[in-house]
Amino acid sequence: MRLNDLLNQTSEWLKATGTESEIVMSSRVRFARNIKGLAFSHWADEKQKKEILTKTKQALLKNKYLNNSLFLVMDELNDLDKQFLVERHLISRELTADGGCKAVDVSEKELFSIMINEEDHLRLQVMRSGLELKESLRLLDKLDSELRRNFDYACNSKWGYLTACPTNVGTGMRASVMIHLPALVMTKRIGKVLESIGRINLAVRGLYGEGTEASGNFFQISNQITLGHSEQELVDDIDRVIKQVVEYEKGARELLLKNSRHQLEDEIWRAYGILTNARIVSSLEAIGLLSAIRLGVNLSIINKVDIKSINELFITTQPAHLQKIEGKDLNPQERDLKRGDLLRDKLK
Amino acid sequence: MLCDICHKKQASIHVTEIINGEVKELHICDTCARAKGMIKSSKNFGLADFLAGLTDFGIAPKDAGELEDFDLKCPACGLSFEDFKRIGRLGCAECYDAFEKGLAPLLRKIHGSNRHAGNMPKEANKDSKTAEEAGSIDELEEKLEVAIKNEEFEEAARLRDIIRGKKKKKI
């Protein structure tokens, strides 16, 4: 597989096939792993980093879950391609920094992605559509079991998997769910919901993970702690909380339909009207209006587009995607024009 | 001091790298560091912020003082406890042993526990069992006392059960 092949396919997690996928966009589980006897990537010297890259690459290439995967050495990519991978949620921003023998292996349907020499030697990730944390954990466990035949992981019985940052030690697992909560935002109930989530050891972040603001009414909810509970317990906790939040969102949607249907329909159709006609659309404007259209499709107010196409547009209207589709570098003004073209084309 | 990358803004981040014995110093402004992915936004749940602030977690500054006492270096990778406090990252798996005293309370504060309860590769599990089963009751009781002193009650309960099991076997 080649990098540009990704342009012609839809990531698994955008397909809206999973449980509660109207509200839950995606589920992601990530394991941090390090090979025994080698310094953690940020502290390792160049020779060791190369050794980490060589060892992990060999192991990944023969992993049966990664047949025909896309193995990319980060220093061989230009900035645009790196940004493109970030936008697809295949790599973290940290992996785009120069040097350090960094690499990523992406499975054929973008179900798995494995980062090498990020903060830890290996960051294994699985991402699926809808609320599928338990299934995601099961899949990642399989990939991990296959991988650990190749080397011993750094771990001990007291503190579990040893990671560069003590905030990941233990299970080394971060499970997160990306959830779309427009009705809770509109009814101004979101504050209370997020506040109570924060109180129970779960973290809330924006669309692009750490350090990003929530945009388009998307929120990422993940486990804050990694030590002292089993993977299954941590996943069950998030699962339980998300199910509750989904119910709140459904309740808020019903309330809007009952009490302010006209205003709701107006907001959704205005969003549709703008995006099917506007010539210049910024990234932030697109996300906000797509969020309203997404709600409209979910509530069967709009039937002209399907939810998968809307999900895809959240990603394909991002700067690097627009430039990859166009096949050349675009300045911000050109991108806003191109974004308008793409949205009119896909939404009509 | 101006930023080594953009040469415009004041440098706020100072990095010392030692590669093959050669010391390299780099002074970077906040914007460039962010652009290069060297630091994350302040919303990040990172240990550097954690150690610098400790406030997000409702931990009084006196607890941070506990970490001051360690003038240690990891024998395997050379990272000092000072380095760890500065960068918020450990250097290698052996650091966890070298800094165990300092890390145990810290992990407890971060995670509310300092004992792993999740999956382990089979081989590692086996090793740890034999180590503890081989330990004498006296040794275990000593560990239990330390655990109670440190208010590590989960760990204490675990040790208590092992000791009970051993005593039963003896009878």
# chains A, B, ... in the order shown; residues from 1 in each chain; ligands from 1
$ interface_residues --of "chain A" --to "chain B" --cutoff "9 Å" --atoms "only C-alpha atoms" --output "ChimeraX atom specification"
/A:34-46,93-98,119,145,148,152-167,169-171,201,203,205,209-212,224-233
$ residues_around --residues "Arg174 of chain A" --least-positions-apart "2" --cutoff "8 Å" --atoms "only C-alpha atoms" --output "short mmCIF file (atom, residue, chain, number, x, y, z; two decimals) with C-alpha atoms, in the first residue's frame"
data_model
loop_
_atom_site.label_atom_id
_atom_site.label_comp_id
_atom_site.auth_asym_id
_atom_site.auth_seq_id
_atom_site.Cartn_x
_atom_site.Cartn_y
_atom_site.Cartn_z
CA VAL A 29 -7.67 2.04 22.30
CA ARG A 30 -3.95 2.65 22.55
CA PHE A 31 -1.18 0.66 24.27
CA ASN A 168 0.89 5.83 31.35
CA GLY A 172 -0.10 1.52 29.32
CA SER A 176 -11.01 7.03 24.24
CA SER A 222 -10.66 8.93 27.83
CA ASN A 223 -9.35 7.25 30.97
CA GLN A 224 -7.12 9.46 33.06
CA THR A 226 -3.71 3.60 33.87
#
$ closest_residue --among "A:Ser129, A:Leu85, A:Asn331, A:Leu77" --to "Leu14 of chain A" --atoms "only C-alpha atoms"
A:Ser129
$ closest_residue --among "B:Arg158, B:Lys8, B:Lys166, B:Lys85" --to "Asp138 of chain B" --atoms "only C-alpha atoms"
B:Lys166
$ select_by_dssp --residues "segment 135-253 of chain A" --states "helix (DSSP H, G or I)" --output "VMD selection string"
chain A and resid 135 to 147 182 to 186 190 to 199 231 to 253
$ atom_distance --atom1 "atom CA of Leu337 of chain A" --atom2 "atom CA of Cys32 of chain B"
28.6 Å
$ decode --residues "segment 157-168 of chain B" --atoms "all heavy atoms" --output "PDB file, in the first residue's frame"
ATOM      1  N   ALA B 157      -2.721  -4.990  52.036  1.00  0.00           N
ATOM      2  CA  ALA B 157      -3.690  -6.091  52.035  1.00  0.00           C
ATOM      3  C   ALA B 157      -3.162  -7.259  51.208  1.00  0.00           C
ATOM      4  O   ALA B 157      -3.310  -8.432  51.580  1.00  0.00           O
ATOM      5  CB  ALA B 157      -5.022  -5.601  51.478  1.00  0.00           C
ATOM      6  N   ARG B 158      -2.515  -6.913  50.092  1.00  0.00           N
ATOM      7  CA  ARG B 158      -1.981  -7.953  49.213  1.00  0.00           C
ATOM      8  C   ARG B 158      -0.884  -8.739  49.936  1.00  0.00           C
ATOM      9  O   ARG B 158      -0.861  -9.971  49.913  1.00  0.00           O
ATOM     10  CB  ARG B 158      -1.419  -7.291  47.958  1.00  0.00           C
ATOM     11  CG  ARG B 158      -1.271  -8.191  46.751  1.00  0.00           C
ATOM     12  CD  ARG B 158      -0.596  -7.436  45.625  1.00  0.00           C
ATOM     13  NE  ARG B 158       0.759  -7.034  45.999  1.00  0.00           N
ATOM     14  CZ  ARG B 158       1.819  -7.816  45.863  1.00  0.00           C
ATOM     15  NH1 ARG B 158       1.701  -9.021  45.355  1.00  0.00           N
ATOM     16  NH2 ARG B 158       3.008  -7.397  46.237  1.00  0.00           N
ATOM     17  N   LEU B 159       0.004  -7.985  50.601  1.00  0.00           N
ATOM     18  CA  LEU B 159       1.101  -8.628  51.323  1.00  0.00           C
ATOM     19  C   LEU B 159       0.563  -9.468  52.485  1.00  0.00           C
ATOM     20  O   LEU B 159       1.035 -10.578  52.727  1.00  0.00           O
ATOM     21  CB  LEU B 159       2.085  -7.576  51.850  1.00  0.00           C
ATOM     22  CG  LEU B 159       2.910  -6.864  50.776  1.00  0.00           C
ATOM     23  CD1 LEU B 159       3.562  -5.604  51.336  1.00  0.00           C
ATOM     24  CD2 LEU B 159       3.994  -7.785  50.210  1.00  0.00           C
ATOM     25  N   ARG B 160      -0.435  -8.932  53.163  1.00  0.00           N
ATOM     26  CA  ARG B 160      -1.040  -9.648  54.281  1.00  0.00           C
ATOM     27  C   ARG B 160      -1.551 -11.014  53.814  1.00  0.00           C
ATOM     28  O   ARG B 160      -1.322 -12.039  54.448  1.00  0.00           O
ATOM     29  CB  ARG B 160      -2.201  -8.816  54.842  1.00  0.00           C
ATOM     30  CG  ARG B 160      -2.921  -9.436  56.014  1.00  0.00           C
ATOM     31  CD  ARG B 160      -4.318  -8.867  56.123  1.00  0.00           C
ATOM     32  NE  ARG B 160      -5.067  -9.143  54.905  1.00  0.00           N
ATOM     33  CZ  ARG B 160      -6.118  -8.439  54.502  1.00  0.00           C
ATOM     34  NH1 ARG B 160      -6.537  -7.404  55.200  1.00  0.00           N
ATOM     35  NH2 ARG B 160      -6.762  -8.756  53.398  1.00  0.00           N
ATOM     36  N   ASP B 161      -2.219 -11.022  52.651  1.00  0.00           N
ATOM     37  CA  ASP B 161      -2.759 -12.280  52.133  1.00  0.00           C
ATOM     38  C   ASP B 161      -1.659 -13.287  51.802  1.00  0.00           C
ATOM     39  O   ASP B 161      -1.808 -14.484  52.041  1.00  0.00           O
ATOM     40  CB  ASP B 161      -3.616 -12.012  50.887  1.00  0.00           C
ATOM     41  CG  ASP B 161      -4.886 -11.251  51.262  1.00  0.00           C
ATOM     42  OD1 ASP B 161      -5.227 -11.233  52.462  1.00  0.00           O
ATOM     43  OD2 ASP B 161      -5.528 -10.677  50.352  1.00  0.00           O
ATOM     44  N   ILE B 162      -0.556 -12.762  51.231  1.00  0.00           N
ATOM     45  CA  ILE B 162       0.557 -13.669  50.908  1.00  0.00           C
ATOM     46  C   ILE B 162       1.130 -14.273  52.196  1.00  0.00           C
ATOM     47  O   ILE B 162       1.390 -15.475  52.284  1.00  0.00           O
ATOM     48  CB  ILE B 162       1.678 -12.929  50.126  1.00  0.00           C
ATOM     49  CG1 ILE B 162       1.131 -12.436  48.775  1.00  0.00           C
ATOM     50  CG2 ILE B 162       2.882 -13.842  49.901  1.00  0.00           C
ATOM     51  CD1 ILE B 162       2.097 -11.576  47.991  1.00  0.00           C
ATOM     52  N   ILE B 163       1.308 -13.403  53.210  1.00  0.00           N
ATOM     53  CA  ILE B 163       1.862 -13.871  54.495  1.00  0.00           C
ATOM     54  C   ILE B 163       0.930 -14.921  55.123  1.00  0.00           C
ATOM     55  O   ILE B 163       1.377 -15.988  55.557  1.00  0.00           O
ATOM     56  CB  ILE B 163       2.080 -12.692  55.486  1.00  0.00           C
ATOM     57  CG1 ILE B 163       3.139 -11.745  54.920  1.00  0.00           C
ATOM     58  CG2 ILE B 163       2.482 -13.192  56.865  1.00  0.00           C
ATOM     59  CD1 ILE B 163       3.220 -10.398  55.604  1.00  0.00           C
ATOM     60  N   ARG B 164      -0.370 -14.629  55.117  1.00  0.00           N
ATOM     61  CA  ARG B 164      -1.358 -15.586  55.649  1.00  0.00           C
ATOM     62  C   ARG B 164      -1.238 -16.931  54.959  1.00  0.00           C
ATOM     63  O   ARG B 164      -1.195 -17.974  55.604  1.00  0.00           O
ATOM     64  CB  ARG B 164      -2.767 -15.057  55.425  1.00  0.00           C
ATOM     65  CG  ARG B 164      -3.266 -14.262  56.609  1.00  0.00           C
ATOM     66  CD  ARG B 164      -4.736 -13.978  56.430  1.00  0.00           C
ATOM     67  NE  ARG B 164      -5.149 -12.893  57.278  1.00  0.00           N
ATOM     68  CZ  ARG B 164      -6.210 -12.135  57.055  1.00  0.00           C
ATOM     69  NH1 ARG B 164      -6.949 -12.334  55.988  1.00  0.00           N
ATOM     70  NH2 ARG B 164      -6.539 -11.181  57.886  1.00  0.00           N
ATOM     71  N   GLY B 165      -1.164 -16.868  53.630  1.00  0.00           N
ATOM     72  CA  GLY B 165      -1.063 -18.092  52.824  1.00  0.00           C
ATOM     73  C   GLY B 165       0.156 -18.902  53.223  1.00  0.00           C
ATOM     74  O   GLY B 165       0.111 -20.123  53.370  1.00  0.00           O
ATOM     75  N   LYS B 166       1.263 -18.170  53.426  1.00  0.00           N
ATOM     76  CA  LYS B 166       2.526 -18.840  53.767  1.00  0.00           C
ATOM     77  C   LYS B 166       2.455 -19.485  55.143  1.00  0.00           C
ATOM     78  O   LYS B 166       2.936 -20.590  55.332  1.00  0.00           O
ATOM     79  CB  LYS B 166       3.667 -17.824  53.751  1.00  0.00           C
ATOM     80  CG  LYS B 166       4.125 -17.513  52.347  1.00  0.00           C
ATOM     81  CD  LYS B 166       5.467 -16.846  52.369  1.00  0.00           C
ATOM     82  CE  LYS B 166       6.088 -16.924  50.994  1.00  0.00           C
ATOM     83  NZ  LYS B 166       7.506 -16.833  51.029  1.00  0.00           N
ATOM     84  N   LYS B 167       1.857 -18.727  56.082  1.00  0.00           N
ATOM     85  CA  LYS B 167       1.759 -19.253  57.432  1.00  0.00           C
ATOM     86  C   LYS B 167       0.895 -20.509  57.470  1.00  0.00           C
ATOM     87  O   LYS B 167       1.202 -21.468  58.166  1.00  0.00           O
ATOM     88  CB  LYS B 167       1.188 -18.180  58.392  1.00  0.00           C
ATOM     89  CG  LYS B 167       2.229 -17.131  58.748  1.00  0.00           C
ATOM     90  CD  LYS B 167       1.707 -16.137  59.769  1.00  0.00           C
ATOM     91  CE  LYS B 167       2.820 -15.189  60.202  1.00  0.00           C
ATOM     92  NZ  LYS B 167       2.314 -14.026  60.933  1.00  0.00           N
ATOM     93  N   LYS B 168      -0.165 -20.492  56.689  1.00  0.00           N
ATOM     94  CA  LYS B 168      -1.057 -21.652  56.605  1.00  0.00           C
ATOM     95  C   LYS B 168      -0.285 -22.866  56.109  1.00  0.00           C
ATOM     96  O   LYS B 168      -0.400 -23.965  56.648  1.00  0.00           O
ATOM     97  CB  LYS B 168      -2.201 -21.353  55.639  1.00  0.00           C
ATOM     98  CG  LYS B 168      -3.535 -21.200  56.347  1.00  0.00           C
ATOM     99  CD  LYS B 168      -4.629 -21.110  55.321  1.00  0.00           C
ATOM    100  CE  LYS B 168      -5.885 -20.554  55.962  1.00  0.00           C
ATOM    101  NZ  LYS B 168      -6.874 -20.202  54.940  1.00  0.00           N
TER     102      LYS B 168
END
